[in-house]
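All remarks here apply to the structure that follows.
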Amino acid sequence: MPLPRTRGKALRQRLAELRGPEVAAKALDARALAALAANPGCERRAILDGAGVDKAAVASRLGSPSVFGQSQFAFTRGNAFEAKVKADGGAELLRLVHEKLDPRARPPAGARVPDLTATGPEGRAARTGLALREATGTPGTWTLLDHPMLALEVAGSPAFLEPDAVVVHPDGSWTVVEIKSFPMLDGSADPSKVGAAARQAAVYVLALEQVAARLDPAPVMRHRILLVCPKDFSNLPTASAVDVRKQRAVTDRQLARLTRIEDIADTLPEDTCFSPELPAAELTAAVESVPAAYAPECLSACELAFHCRDRARAEGAVTSLGRPVRAELGGLTTVEEVLSAARGASGDPDDPAVAALRRAARLREEALAAARHTAAAPAEEGAPCR
C-alpha cells in the first residue's frame, strides 16, 4: 500500500538528506532488487539503495573499491546486440516470442510499437500503464513495448524499473523479454547467468502483476519469460523460454520481509549522511552505523562487499564463512566463540552445535595423535634401496 502523500514526501526528503543534497539519486533497478531480495536481512544495503546512494563511489571512498558491475566493453556489446534484436520494429524479437511461447497465435506481422516517451519516471510509468491497457483492449494484435517503465514499491519506497521489452500477445496476455549478451551454446547458456537473468525478470513480473491488478478484467501475466541471447559465437539472436515462477515467489517473499526503509531511517541520527564527498573517516562512521549482513555471495552482487568482508573478518564473524556454516552454528556468532566451545571452555553441552563442535574436536585430536604415532614408529626393516 502506498504511503500517504505527506508521509511519503517526508520520507523522500529524509532519504535525500541521507544521500546528500548535492548528490543525484542512483536509480534502484531490477538487478539491485534481485540482489536485495537475496539478502533481506542487510539493513545497510536496504537504506543505501532506498536513498539512491552510489555504493560504488562510497566503496572507493572507504578504500575498498568494487570490481562488481559490467565492463564498458560488455555494456557496449550488449547495447549493440539489443539494437539488432529490436531492429525493424522488433520483427525478429516478436518472431522468437511467437516461436518459443505462442506458436498457435497468428504470426506477428505488423505489430504495434507504441511511443512510451514521457517526462520523468512517474510520467513514463503512467504512459506504460496506459499503453498496456490499450494493447490489452485490442485483441488479435501483437504489441511490443520497448523499454517500458514500471513502478514497484519496496519496503515503503517506490522503485522504477525498466525491462528490455514487454510483449502483449493477441490473447491479451503479457510476457517479459530479457535480452542478454552472453551466448547460448548448442541451445543452452551458463546456468548461473540464466539464473541471474531469471531473478531479474521475476522482479519485472511482480511489477507487471501490480499493473495488471488495476485493470478490469485483469490480463494474464505469463510466468515464462523469453531470454534472448547470441547464438553460439555469432551475433545472431536465439531464445529460450524460462519459467520464473519459483524466482517470482522467492523474490516476492523476500521483498516482503525487508524492514521498511523509513523504519531504518528513523533509527539513524539526524546528521547521518552517506555522501561520497564526505571525509573517509566520517563516511565510514555513517556506513558502520547501519547493521550489515555480509555473506560471501555478496561479492557477486554488492559494491560494498569488500568493505563488509573486511569488517566481518576483523570482528571474527562466522558470516564470513558462508550462510550454511552460519546456520549450523546457531547462537555462536564469532570464530572465537566457536573455538572456545570446541575446546570445552564455554558453551552449553546440551546445545547441538556445541556438542557437534566438541565431537569434531575430539575426532581431530584422535586423527592427529594417530598420525604422530605412525610417524614416530620405527621404519619397517627391509632390503636397502639400490
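Identifiers for the C-alpha cells are assigned positionally: chains receive A, B, ... in sequence, residues are indexed from 1 per chain, and ligands are indexed from 1 in the order shown.
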Residues within 10 Å of A:Arg133, please, as a list in words. Count only C-alpha atoms; anything in the same chain fewer than 5 positions from it doesn't count.
Arg127, Thr128, Thr138, Gly172, Val211, Ala212, Arg214, Leu215, Asp216, Ala218 and Pro219 of chain A
Using only C-alpha atoms, which protein or nucleic acid residues come within 8 Å of stretch 12-16 of chain A? Drop anything in the same chain fewer than 6 positions from it, and give the result as a PyMOL selection string.
chain A and resi 25+50-52+265
If we count only C-alpha atoms, what is near A:Leu226 at a cut-off of 6 Å, once residues fewer than 4 positions away on the same chain are taken out, given as number ranges by chain?
A: 177, 240-241
In Å, with one decimal, what is the gap from atom CA of A:Gly20 to atom CA of A:Asn39?
25.4 Å
Write out as a PyMOL selection string which residues come within 8 Å of A:Ala341 when counting only C-alpha atoms, dropping same-chain ones fewer than 5 positions away.
chain A and resi 346-347+354+357-358
Go ahead and write the selection's residues with N, CA, C and O atoms as a PDB file, in the first residue's frame.
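Saved as result_33.pdb:
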ATOM      1  N   SER A 346      33.714 -23.043  26.933  1.00  0.00           N
ATOM      2  CA  SER A 346      32.450 -22.317  27.066  1.00  0.00           C
ATOM      3  C   SER A 346      31.383 -23.064  26.275  1.00  0.00           C
ATOM      4  O   SER A 346      31.675 -24.022  25.557  1.00  0.00           O
ATOM      5  N   GLY A 347      30.145 -22.590  26.423  1.00  0.00           N
ATOM      6  CA  GLY A 347      29.055 -23.179  25.662  1.00  0.00           C
ATOM      7  C   GLY A 347      28.286 -24.220  26.443  1.00  0.00           C
ATOM      8  O   GLY A 347      28.823 -24.878  27.347  1.00  0.00           O
ATOM      9  N   VAL A 354      27.174 -26.928  19.871  1.00  0.00           N
ATOM     10  CA  VAL A 354      28.331 -27.087  20.756  1.00  0.00           C
ATOM     11  C   VAL A 354      28.750 -28.557  20.831  1.00  0.00           C
ATOM     12  O   VAL A 354      29.942 -28.895  20.761  1.00  0.00           O
ATOM     13  N   LEU A 357      30.571 -29.530  17.686  1.00  0.00           N
ATOM     14  CA  LEU A 357      31.914 -28.956  17.634  1.00  0.00           C
ATOM     15  C   LEU A 357      32.880 -29.743  18.519  1.00  0.00           C
ATOM     16  O   LEU A 357      34.023 -30.009  18.127  1.00  0.00           O
ATOM     17  N   ARG A 358      32.421 -30.110  19.717  1.00  0.00           N
ATOM     18  CA  ARG A 358      33.308 -30.854  20.621  1.00  0.00           C
ATOM     19  C   ARG A 358      33.602 -32.250  20.080  1.00  0.00           C
ATOM     20  O   ARG A 358      34.730 -32.747  20.214  1.00  0.00           O
TER      21      ARG A 358
END
Considering only C-alpha atoms, can you say which of A:Leu48, A:Met149, A:Ala239, A:Val250 comes closest to A:Tyr204?
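Closest to A:Tyr204, using only C-alpha atoms: A:Met149.
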Select from stretch 204-297 of chain A every residue with an atom at most 8 Å from any atom of stretch 77-93 of chain A, then for each give the shortest pair of atoms and their distance in Å to one decimal, using only C-alpha atoms, rows by chain and rising number, as CSV.
residue,atom,partner,partner_atom,distance
A:Pro230,CA,A:Phe81,CA,7.8
A:Asn235,CA,A:Phe81,CA,7.0
A:Pro237,CA,A:Val85,CA,6.6
Closest-contact table, stretch 22-102 of chain A side, partner stretch 276-291 of chain A, 8 Å, counting only C-alpha atoms, as CSV:
residue,atom,partner,partner_atom,distance
A:Cys42,CA,A:Pro291,CA,6.9
A:Glu43,CA,A:Pro291,CA,5.8
A:Arg44,CA,A:Val290,CA,5.2
A:Asp54,CA,A:Pro276,CA,7.9
A:Ala57,CA,A:Pro276,CA,6.0
A:Val58,CA,A:Pro276,CA,5.1
A:Arg61,CA,A:Ala280,CA,6.0
A:Leu62,CA,A:Ala280,CA,5.8
Just the residues within 10 Å of A:Arg222, please, counting only C-alpha atoms, with nothing from its chain fewer than 5 positions along; format it as a PyMOL selection string.
chain A and resi 101+173-176+205+209+243-245
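Interatomic distance, atom CA of A:His307 to atom CA of A:Ser64: 5.4 Å.
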Leaving out A:Arg311 and any residue of its chain fewer than 3 positions from it, which residues lie within 10 Å of it when counting only C-alpha atoms, given as a ChimeraX atom specification?
/A:288,292,294,305-308,314-317,320
Give the answer as one residue: which of A:Asp350, A:Gly140, A:Ala213, A:Ala135 has the shortest atom-to-atom distance to A:Arg106, using only C-alpha atoms?
A:Gly140
Can you tell me how far atom CA of A:Lys9 sits from atom CA of A:Ile261, in Å to one decimal?
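Spanning atom CA of A:Lys9 to atom CA of A:Ile261 is a straight-line distance of 13.6 Å.
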Could you pull out all residues of stretch 22-225 of chain A with a DSSP call of strand (DSSP E) and give them as an MDAnalysis selection string?
chainID A and resid 143:146 150:154 157:161 165:168 174:179 224:225
Only N, CA, C and O atoms, please: the residues just picked out, written as a short mmCIF file (atom, residue, chain, number, x, y, z; two decimals), in the first residue's frame.
data_model
loop_
_atom_site.label_atom_id
_atom_site.label_comp_id
_atom_site.auth_asym_id
_atom_site.auth_seq_id
_atom_site.Cartn_x
_atom_site.Cartn_y
_atom_site.Cartn_z
N THR A 143 1.65 -6.48 -29.66
CA THR A 143 2.17 -5.17 -29.27
C THR A 143 3.51 -5.35 -28.57
O THR A 143 3.66 -6.21 -27.69
N LEU A 144 4.49 -4.55 -28.98
CA LEU A 144 5.81 -4.57 -28.38
C LEU A 144 6.05 -3.26 -27.65
O LEU A 144 6.01 -2.19 -28.25
N LEU A 145 6.31 -3.34 -26.35
CA LEU A 145 6.66 -2.18 -25.55
C LEU A 145 8.17 -2.19 -25.34
O LEU A 145 8.70 -3.07 -24.66
N ASP A 146 8.84 -1.24 -25.98
CA ASP A 146 10.29 -1.15 -25.94
C ASP A 146 10.72 -0.31 -24.73
O ASP A 146 10.42 0.87 -24.66
N LEU A 150 8.19 0.62 -15.23
CA LEU A 150 7.29 0.03 -14.26
C LEU A 150 7.64 0.53 -12.86
O LEU A 150 8.80 0.83 -12.57
N ALA A 151 6.65 0.62 -12.00
CA ALA A 151 6.85 1.06 -10.62
C ALA A 151 6.55 -0.10 -9.68
O ALA A 151 5.57 -0.82 -9.86
N LEU A 152 7.41 -0.27 -8.68
CA LEU A 152 7.23 -1.33 -7.68
C LEU A 152 7.61 -0.76 -6.32
O LEU A 152 8.71 -0.23 -6.15
N GLU A 153 6.70 -0.87 -5.35
CA GLU A 153 7.01 -0.37 -4.02
C GLU A 153 7.81 -1.42 -3.26
O GLU A 153 7.42 -2.59 -3.17
N VAL A 154 8.94 -0.99 -2.71
CA VAL A 154 9.83 -1.89 -1.98
C VAL A 154 10.14 -1.28 -0.63
O VAL A 154 10.70 -0.18 -0.55
N SER A 157 9.22 2.29 -0.18
CA SER A 157 9.80 3.29 -1.09
C SER A 157 9.61 2.83 -2.53
O SER A 157 9.82 1.65 -2.84
N PRO A 158 9.20 3.73 -3.45
CA PRO A 158 8.97 3.30 -4.84
C PRO A 158 10.27 3.08 -5.59
O PRO A 158 11.25 3.80 -5.41
N ALA A 159 10.28 2.05 -6.43
CA ALA A 159 11.41 1.78 -7.32
C ALA A 159 10.87 1.74 -8.74
O ALA A 159 9.82 1.16 -9.00
N PHE A 160 11.59 2.39 -9.66
CA PHE A 160 11.17 2.43 -11.06
C PHE A 160 12.08 1.50 -11.85
O PHE A 160 13.31 1.59 -11.79
N LEU A 161 11.46 0.60 -12.59
CA LEU A 161 12.17 -0.49 -13.26
C LEU A 161 11.95 -0.40 -14.76
O LEU A 161 10.87 -0.03 -15.22
N ALA A 165 11.99 -5.32 -22.70
CA ALA A 165 10.77 -5.26 -23.50
C ALA A 165 9.66 -6.04 -22.81
O ALA A 165 9.92 -6.94 -22.00
N VAL A 166 8.44 -5.67 -23.12
CA VAL A 166 7.25 -6.42 -22.71
C VAL A 166 6.40 -6.61 -23.97
O VAL A 166 6.20 -5.66 -24.73
N VAL A 167 5.94 -7.85 -24.18
CA VAL A 167 5.12 -8.16 -25.35
C VAL A 167 3.70 -8.47 -24.90
O VAL A 167 3.50 -9.24 -23.95
N VAL A 168 2.73 -7.87 -25.56
CA VAL A 168 1.32 -8.19 -25.34
C VAL A 168 0.88 -9.09 -26.49
O VAL A 168 0.96 -8.71 -27.66
N TRP A 174 0.57 -11.05 -21.18
CA TRP A 174 1.80 -10.26 -21.18
C TRP A 174 3.01 -11.16 -20.95
O TRP A 174 2.96 -12.11 -20.17
N THR A 175 4.12 -10.84 -21.63
CA THR A 175 5.37 -11.57 -21.48
C THR A 175 6.53 -10.59 -21.31
O THR A 175 6.62 -9.61 -22.04
N VAL A 176 7.41 -10.89 -20.35
CA VAL A 176 8.64 -10.12 -20.16
C VAL A 176 9.72 -10.70 -21.06
O VAL A 176 9.86 -11.92 -21.18
N VAL A 177 10.50 -9.81 -21.69
CA VAL A 177 11.61 -10.23 -22.55
C VAL A 177 12.91 -9.70 -21.95
O VAL A 177 13.03 -8.50 -21.66
N GLU A 178 13.87 -10.60 -21.73
CA GLU A 178 15.19 -10.22 -21.26
C GLU A 178 16.20 -10.47 -22.37
O GLU A 178 16.28 -11.59 -22.91
N ILE A 179 16.98 -9.45 -22.73
CA ILE A 179 17.98 -9.57 -23.78
C ILE A 179 19.36 -9.49 -23.13
O ILE A 179 19.69 -8.49 -22.49
N ARG A 224 6.40 -17.51 -17.91
CA ARG A 224 7.54 -17.96 -18.72
C ARG A 224 8.03 -16.76 -19.50
O ARG A 224 7.30 -16.23 -20.34
N ILE A 225 9.23 -16.31 -19.19
CA ILE A 225 9.78 -15.15 -19.88
C ILE A 225 10.61 -15.62 -21.07
O ILE A 225 10.98 -16.80 -21.16
#
